[in-house]
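Student: Okay, so here is final-v4.pdb, and as you'll see once you scroll down, it has PDB, C-alpha atoms.
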```
ATOM      1  CA  MET A  16     108.349 110.861   9.832
ATOM      2  CA  GLU A  17     107.419 114.481  10.326
ATOM      3  CA  LEU A  18     105.647 113.653  13.604
ATOM      4  CA  SER A  19     108.811 111.938  14.855
ATOM      5  CA  ASN A  20     110.871 115.011  14.029
ATOM      6  CA  VAL A  21     108.396 117.228  15.873
ATOM      7  CA  VAL A  22     108.483 114.991  18.979
ATOM      8  CA  SER A  23     112.274 114.857  18.906
ATOM      9  CA  ALA A  24     112.459 118.624  18.610
ATOM     10  CA  THR A  25     110.003 119.078  21.497
ATOM     11  CA  VAL A  26     111.873 116.673  23.790
ATOM     12  CA  SER A  27     115.185 118.320  22.910
ATOM     13  CA  SER A  28     113.728 121.739  23.619
ATOM     14  CA  PHE A  29     112.359 120.524  26.990
ATOM     15  CA  ILE A  30     115.717 119.027  27.960
ATOM     16  CA  ASP A  31     117.522 122.267  27.045
ATOM     17  CA  TYR A  32     115.023 124.227  29.148
ATOM     18  CA  ALA A  33     115.450 121.883  32.132
ATOM     19  CA  LEU A  34     119.239 122.080  31.913
ATOM     20  CA  PHE A  35     118.983 125.874  31.832
ATOM     21  CA  ILE A  36     116.840 125.931  34.984
ATOM     22  CA  VAL A  37     119.165 123.518  36.800
ATOM     23  CA  THR A  38     122.193 125.606  35.798
ATOM     24  CA  ILE A  39     120.535 128.776  37.130
ATOM     25  CA  MET A  40     119.748 127.018  40.456
ATOM     26  CA  ILE A  41     123.313 125.764  40.810
ATOM     27  CA  ILE A  42     124.674 129.245  40.154
ATOM     28  CA  TRP A  43     122.223 130.688  42.714
ATOM     29  CA  TYR A  44     123.267 128.283  45.472
ATOM     30  CA  VAL A  45     126.980 128.775  44.701
ATOM     31  CA  VAL A  46     126.596 132.550  44.888
ATOM     32  CA  LYS A  47     124.520 132.268  48.047
ATOM     33  CA  PHE A  48     127.149 130.008  49.639
ATOM     34  CA  PHE A  49     129.953 132.522  49.027
ATOM     35  CA  ILE A  50     127.921 135.625  49.753
ATOM     36  CA  ALA A  51     126.203 134.404  52.939
ATOM     37  CA  ALA A  52     128.085 135.451  56.062
ATOM     38  CA  PRO A  53     129.484 132.637  58.226
ATOM     39  CA  PRO A  54     127.779 132.173  61.590
ATOM     40  CA  THR A  55     129.093 134.380  64.360
ATOM     41  CA  LYS A  56     130.629 133.035  67.561
ATOM     42  CA  GLU A  57     127.429 133.870  69.423
ATOM     43  CA  GLU A  58     125.338 132.014  66.847
ATOM     44  CA  ARG A  59     127.607 128.981  67.064
ATOM     45  CA  GLU A  60     127.438 129.049  70.877
ATOM     46  CA  ALA A  61     123.656 129.410  70.758
ATOM     47  CA  ALA A  62     123.351 126.479  68.357
ATOM     48  CA  LEU A  63     125.688 124.404  70.531
ATOM     49  CA  GLN A  64     123.725 125.300  73.667
ATOM     50  CA  GLU A  65     120.477 124.370  71.949
ATOM     51  CA  GLN A  66     121.972 121.030  71.002
ATOM     52  CA  ARG A  67     123.199 120.476  74.558
ATOM     53  CA  GLU A  68     119.738 121.269  75.954
ATOM     54  CA  ALA A  69     118.120 118.908  73.467
ATOM     55  CA  TRP A  70     120.503 116.089  74.420
ATOM     56  CA  GLY A  71     120.160 116.924  78.110
ATOM     57  CA  GLY A  72     116.383 116.784  77.865
ATOM     58  CA  ALA A  73     116.511 113.446  76.069
ATOM     59  CA  ILE A  74     118.921 111.995  78.643
ATOM     60  CA  LYS A  75     116.751 113.314  81.495
ATOM     61  CA  LYS A  76     113.670 111.652  80.015
ATOM     62  CA  VAL A  77     115.551 108.350  79.687
ATOM     63  CA  LYS A  78     116.734 108.608  83.308
ATOM     64  CA  GLU A  79     113.242 109.494  84.547
ATOM     65  CA  LYS A  80     111.753 106.569  82.625
ATOM     66  CA  GLY A  81     114.390 104.229  84.048
ATOM     67  CA  GLU A  82     113.775 105.519  87.569
ATOM     68  CA  GLU A  83     110.037 105.060  87.111
ATOM     69  CA  ARG A  84     110.544 101.463  85.958
ATOM     70  CA  ARG A  85     112.898 100.806  88.897
ATOM     71  CA  LYS A  86     110.363 102.143  91.418
ATOM     72  CA  GLU A  87     107.557 100.133  89.823
ATOM     73  CA  GLY A  88     109.741  97.010  89.992
ATOM     74  CA  GLU A  89     110.587  97.645  93.644
ATOM     75  CA  LYS A  90     106.920  98.201  94.493
ATOM     76  CA  LYS A  91     105.921  95.012  92.684
ATOM     77  CA  ARG A  92     108.618  92.975  94.470
ATOM     78  CA  TYR A  93     107.656  94.546  97.808
ATOM     79  CA  LYS A  94     103.966  93.713  97.382
ATOM     80  CA  GLN A  95     104.816  90.218  96.171
ATOM     81  CA  GLY A  96     106.974  89.711  99.272
ATOM     82  CA  LEU A  97     104.117  90.832 101.533
ATOM     83  CA  HIS A  98     101.760  88.528  99.670
ATOM     84  CA  ASN A  99     104.069  85.524 100.047
ATOM     85  CA  HIS A 100     104.652  86.083 103.770
ATOM     86  CA  GLY A 101     100.972  86.858 104.231
ATOM     87  CA  ARG A 102     100.029  83.523 102.667
ATOM     88  CA  THR A 103     102.276  81.775 105.202
ATOM     89  CA  VAL A 104     100.434  83.509 108.051
ATOM     90  CA  ILE A 105      97.064  82.674 106.475
ATOM     91  CA  ASN A 106      98.054  79.005 106.266
ATOM     92  CA  ASN A 107      99.026  79.062 109.951
ATOM     93  CA  LEU A 108      95.688  80.602 110.884
ATOM     94  CA  LYS A 109      93.715  78.224 108.677
ATOM     95  CA  HIS A 110      95.373  75.282 110.393
ATOM     96  CA  ALA A 111      94.700  76.925 113.754
ATOM     97  CA  PHE A 112      90.983  77.378 113.116
ATOM     98  CA  GLU A 113      90.726  73.895 111.614
ATOM     99  CA  ALA A 114      92.156  72.652 114.917
ATOM    100  CA  ALA A 115      89.533  74.757 116.750
ATOM    101  CA  ASP A 116      86.795  73.027 114.736
ATOM    102  CA  LYS A 117      88.246  69.655 115.722
ATOM    103  CA  VAL A 118      88.258  70.691 119.383
ATOM    104  CA  ILE A 119      84.545  71.509 119.125
ATOM    105  CA  VAL A 120      83.809  68.192 117.410
ATOM    106  CA  ALA A 121      85.789  66.314 120.092
ATOM    107  CA  LEU A 122      83.887  68.102 122.856
ATOM    108  CA  ASP A 123      80.583  67.183 121.208
ATOM    109  CA  ARG A 124      81.713  63.563 120.942
ATOM    110  CA  LYS A 125      82.888  63.565 124.568
ATOM    111  CA  ASP A 126      86.446  62.753 123.523
ATOM    112  CA  PRO A 127      88.665  64.622 126.001
ATOM    113  CA  VAL A 128      91.950  63.196 124.670
ATOM    114  CA  ALA A 129      91.294  64.507 121.137
ATOM    115  CA  ALA A 130      89.920  67.799 122.484
ATOM    116  CA  ILE A 131      93.066  68.444 124.528
ATOM    117  CA  ARG A 132      95.344  67.413 121.647
ATOM    118  CA  TRP A 133      93.610  69.724 119.150
ATOM    119  CA  THR A 134      93.555  72.587 121.659
ATOM    120  CA  LYS A 135      97.333  72.288 121.889
ATOM    121  CA  GLU A 136      97.546  72.245 118.083
ATOM    122  CA  PHE A 137      95.343  75.352 117.940
ATOM    123  CA  ASP A 138      97.687  77.182 120.307
ATOM    124  CA  GLU A 139     100.833  76.084 118.451
ATOM    125  CA  GLU A 140      99.506  77.251 115.084
ATOM    126  CA  LEU A 141      98.589  80.619 116.578
ATOM    127  CA  HIS A 142     102.132  80.845 117.923
ATOM    128  CA  ARG A 143     103.543  80.060 114.459
ATOM    129  CA  ALA A 144     101.323  82.735 112.934
ATOM    130  CA  TRP A 145     102.532  85.230 115.543
ATOM    131  CA  GLY A 146     106.181  84.406 114.752
ATOM    132  CA  ASN A 147     105.626  84.813 110.997
ATOM    133  CA  LEU A 148     103.822  88.100 111.621
ATOM    134  CA  ARG A 149     106.933  89.390 113.392
ATOM    135  CA  LEU A 150     108.947  88.592 110.259
ATOM    136  CA  LEU A 151     106.295  90.231 108.101
ATOM    137  CA  ARG A 152     106.332  93.337 110.249
ATOM    138  CA  GLY A 153     110.072  93.682 109.624
ATOM    139  CA  LYS A 154     109.454  93.803 105.867
ATOM    140  CA  ALA A 155     106.350  96.012 105.896
ATOM    141  CA  LYS A 156     106.453  99.791 105.459
ATOM    142  CA  ASP A 157     104.296 102.720 106.523
ATOM    143  CA  GLU A 158     100.576 101.830 106.438
ATOM    144  CA  ASP A 159     101.333  98.165 105.824
ATOM    145  CA  LYS A 160     103.413  98.050 109.009
ATOM    146  CA  GLU A 161     100.462  99.432 110.953
ATOM    147  CA  LYS A 162      98.199  96.773 109.424
ATOM    148  CA  VAL A 163     100.628  94.041 110.451
ATOM    149  CA  LYS A 164     100.767  95.464 113.991
ATOM    150  CA  HIS A 165      96.982  95.330 114.130
ATOM    151  CA  ILE A 166      96.909  91.744 112.806
ATOM    152  CA  THR A 167      99.573  90.697 115.309
ATOM    153  CA  ALA A 168      97.613  92.255 118.161
ATOM    154  CA  SER A 169      94.477  90.397 117.023
ATOM    155  CA  VAL A 170      96.320  87.047 116.931
ATOM    156  CA  GLU A 171      97.816  87.731 120.366
ATOM    157  CA  ALA A 172      94.347  88.506 121.699
ATOM    158  CA  ILE A 173      92.964  85.232 120.291
ATOM    159  CA  ARG A 174      95.784  83.265 121.873
ATOM    160  CA  GLN A 175      95.268  84.978 125.222
ATOM    161  CA  ASP A 176      91.542  84.171 125.064
ATOM    162  CA  LEU A 177      92.334  80.557 124.224
ATOM    163  CA  VAL A 178      94.721  80.231 127.151
ATOM    164  CA  ALA A 179      92.416  82.044 129.584
ATOM    165  CA  GLN A 180      89.129  80.426 128.557
ATOM    166  CA  VAL A 181      89.927  76.948 127.182
ATOM    167  CA  THR A 182      93.470  75.672 127.740
ATOM    168  CA  GLY A 183      93.709  73.496 130.850
ATOM    169  CA  LYS A 184      89.956  73.603 131.445
ATOM    170  CA  ILE A 185      88.933  70.557 129.399
ATOM    171  CA  PRO A 186      88.182  67.604 131.749
ATOM    172  CA  ARG A 187      90.525  64.684 131.240
ATOM    173  CA  LYS A 188      87.678  62.230 131.875
ATOM    174  CA  VAL A 189      84.021  62.253 130.951
ATOM    175  CA  GLU A 190      81.988  62.800 134.127
ATOM    176  CA  ASN A 191      78.292  63.359 134.656
ATOM    177  CA  ASN A 192      78.838  67.129 134.547
ATOM    178  CA  TRP A 193      80.651  66.959 131.165
ATOM    179  CA  ASP A 194      78.073  69.002 129.257
ATOM    180  CA  ALA A 195      77.888  71.693 131.941
ATOM    181  CA  VAL A 196      81.676  72.035 131.995
ATOM    182  CA  VAL A 197      82.358  72.006 128.252
ATOM    183  CA  THR A 198      79.408  74.159 127.091
ATOM    184  CA  PRO A 199      81.125  77.466 128.010
ATOM    185  CA  LEU A 200      84.395  76.147 126.535
ATOM    186  CA  ARG A 201      82.614  75.370 123.291
ATOM    187  CA  ALA A 202      81.023  78.841 123.265
ATOM    188  CA  SER A 203      84.457  80.434 123.776
ATOM    189  CA  LEU A 204      85.888  78.511 120.836
ATOM    190  CA  VAL A 205      82.998  79.567 118.582
ATOM    191  CA  HIS A 206      83.494  83.184 119.662
ATOM    192  CA  ILE A 207      87.257  83.012 119.050
ATOM    193  CA  LYS A 208      86.660  81.596 115.567
ATOM    194  CA  GLY A 209      84.331  84.511 114.771
ATOM    195  CA  SER A 210      87.299  86.892 114.537
ATOM    196  CA  ALA A 211      88.999  84.863 111.796
ATOM    197  CA  GLY A 212      87.312  86.557 108.830
ATOM    198  CA  ALA A 213      88.449  90.069 109.782
ATOM    199  CA  ILE A 214      92.057  88.907 110.219
ATOM    200  CA  PHE A 215      92.116  87.144 106.846
ATOM    201  CA  ASP A 216      90.713  90.261 105.158
ATOM    202  CA  LEU A 217      93.426  92.412 106.721
ATOM    203  CA  ILE A 218      96.181  90.070 105.560
ATOM    204  CA  ASP A 219      94.765  89.948 102.028
ATOM    205  CA  SER A 220      94.709  93.775 101.922
ATOM    206  CA  LEU A 221      98.509  93.854 102.331
ATOM    207  CA  ALA A 222      99.028  92.744  98.720
ATOM    208  CA  GLU A 223      96.654  95.341  97.234
TER     209      GLU A 223
END
```
How would this structure read if it were set down as structure tokens?
Tutor:
Amino acid sequence: MELSNVVSATVSSFIDYALFIVTIMIIWYVVKFFIAAPPTKEEREAALQEQREAWGGAIKKVKEKGEERRKEGEKKRYKQGLHNHGRTVINNLKHAFEAADKVIVALDRKDPVAAIRWTKEFDEELHRAWGNLRLLRGKAKDEDKEKVKHITASVEAIRQDLVAQVTGKIPRKVENNWDAVVTPLRASLVHIKGSAGAIFDLIDSLAE
């Protein structure tokens, strides 16, 4: 019983002390509120300017981030467009050089009809590639445009070599001199095909 009275007295004393401290703090803040001078016009303007600068900085960062995302998106779409058009050109060239292989096989088999037909196909695919390169050049920018110009020039050179060295020179009938006539034609086709790798590498570099 006595212990309970002691505990009760201690708790009561602690509560009274806490209330006293809280009361003193309330009085202090009330006095401070009324005694403290209100902010001057300059202080209010400075605080407002600081707030404006903070908001302005935040807005600028948001705009810069948005602009960065927009540029990244444009670059990605641009490179994807070059890649897609480049693949079309690559397909044209693959078909062209496949036709060149078939010309060589036809010459080896002494099949002039097939050789002439595949030579025509070779030329037509080169022409398609050239036309698609013109479209690609219209979409390319800066260094990429120069690459496309170089690729186009290479394809034009291949087509000129084909016309000058092979087209119209394949005999329509197999004569005794067949091998002597077609050997240089075959060599020209092999040489023309040798430039394919460099062109494909250039086209692939457009999407990098």
Student: Rounded to one decimal place, report the CA of Lys94 (chain A)-CA of Leu221 (chain A) distance in Å.
Tutor: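 According to the coordinates, CA of Lys94 (chain A) and CA of Leu221 (chain A) are separated by 7.4 Å.
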Student: To one decimal in Å, tell me the separation between CA of Ser203 (chain A) and CA of Gln180 (chain A).
Tutor: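 Between CA of Ser203 (chain A) and CA of Gln180 (chain A) the gap works out to 6.7 Å.
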Student: Where does region 79-157 of chain A meet region 182-199 of chain A within 9 Å, residue by residue, with the nearest atom pair and distance in Å to one decimal for each, counting only C-alpha atoms, listed by chain and rising number, as JSON lines?
Tutor:
```
{"residue": "A:Leu122", "atom": "CA", "partner": "A:Val197", "partner_atom": "CA", "distance": 6.8}
{"residue": "A:Asp123", "atom": "CA", "partner": "A:Asp194", "partner_atom": "CA", "distance": 8.6}
{"residue": "A:Lys125", "atom": "CA", "partner": "A:Val189", "partner_atom": "CA", "distance": 6.6}
{"residue": "A:Asp126", "atom": "CA", "partner": "A:Val189", "partner_atom": "CA", "distance": 7.8}
{"residue": "A:Pro127", "atom": "CA", "partner": "A:Arg187", "partner_atom": "CA", "distance": 5.6}
{"residue": "A:Val128", "atom": "CA", "partner": "A:Arg187", "partner_atom": "CA", "distance": 6.9}
{"residue": "A:Ala130", "atom": "CA", "partner": "A:Ile185", "partner_atom": "CA", "distance": 7.5}
{"residue": "A:Ile131", "atom": "CA", "partner": "A:Ile185", "partner_atom": "CA", "distance": 6.7}
{"residue": "A:Thr134", "atom": "CA", "partner": "A:Thr182", "partner_atom": "CA", "distance": 6.8}
{"residue": "A:Lys135", "atom": "CA", "partner": "A:Thr182", "partner_atom": "CA", "distance": 7.8}
{"residue": "A:Asp138", "atom": "CA", "partner": "A:Thr182", "partner_atom": "CA", "distance": 8.7}
```
Student: Which residue gives the smallest distance to Val205 (chain A) among A:Arg124, A:His100, A:Arg152, A:Lys117, with only C-alpha atoms counted?
Tutor: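 Comparing A:Arg124, A:His100, A:Arg152, A:Lys117 against Val205 (chain A), the winner is A:Lys117.
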Student: Rounded to one decimal, what separation in Å do you get between CA of Asp157 (chain A) and CA of Tyr93 (chain A)?
Tutor: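 Spanning CA of Asp157 (chain A) to CA of Tyr93 (chain A) is a straight-line distance of 12.4 Å.
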Student: Using all atoms listed in the file, which residue out of A:Ala155, A:Ala121, A:Leu34, A:Ala114 lies closest to Lys90 (chain A)?
Tutor: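 Checking each candidate against Lys90 (chain A), we get A:Ala155 as the closest.
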Student: Pick from A:Lys156, A:Arg149, A:Lys109, A:Lys76: nearest to Ile214 (chain A), with all atoms listed in the file counted?
Tutor: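 Comparing A:Lys156, A:Arg149, A:Lys109, A:Lys76 against Ile214 (chain A), the winner is A:Lys109.
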Student: Fewer than 3 positions away in the same chain doesn't count, so skip those; otherwise give me all residues within 12 Å of Gly209 (chain A), counting only C-alpha atoms, as a ChimeraX atom specification.
Tutor: /A:112,115-116,169,173,202-206,212-215
Student: Output as AutoDock Vina command-line options the centre and edge lengths (Å, one decimal) of the box along x, y and z of the file that holds every listed atom of region 63-75 of chain A after adding 3 Å on each side.
Tutor:
```
--center_x 121.0 --center_y 118.6 --center_z 76.0 --size_x 15.3 --size_y 19.3 --size_z 17.0
```
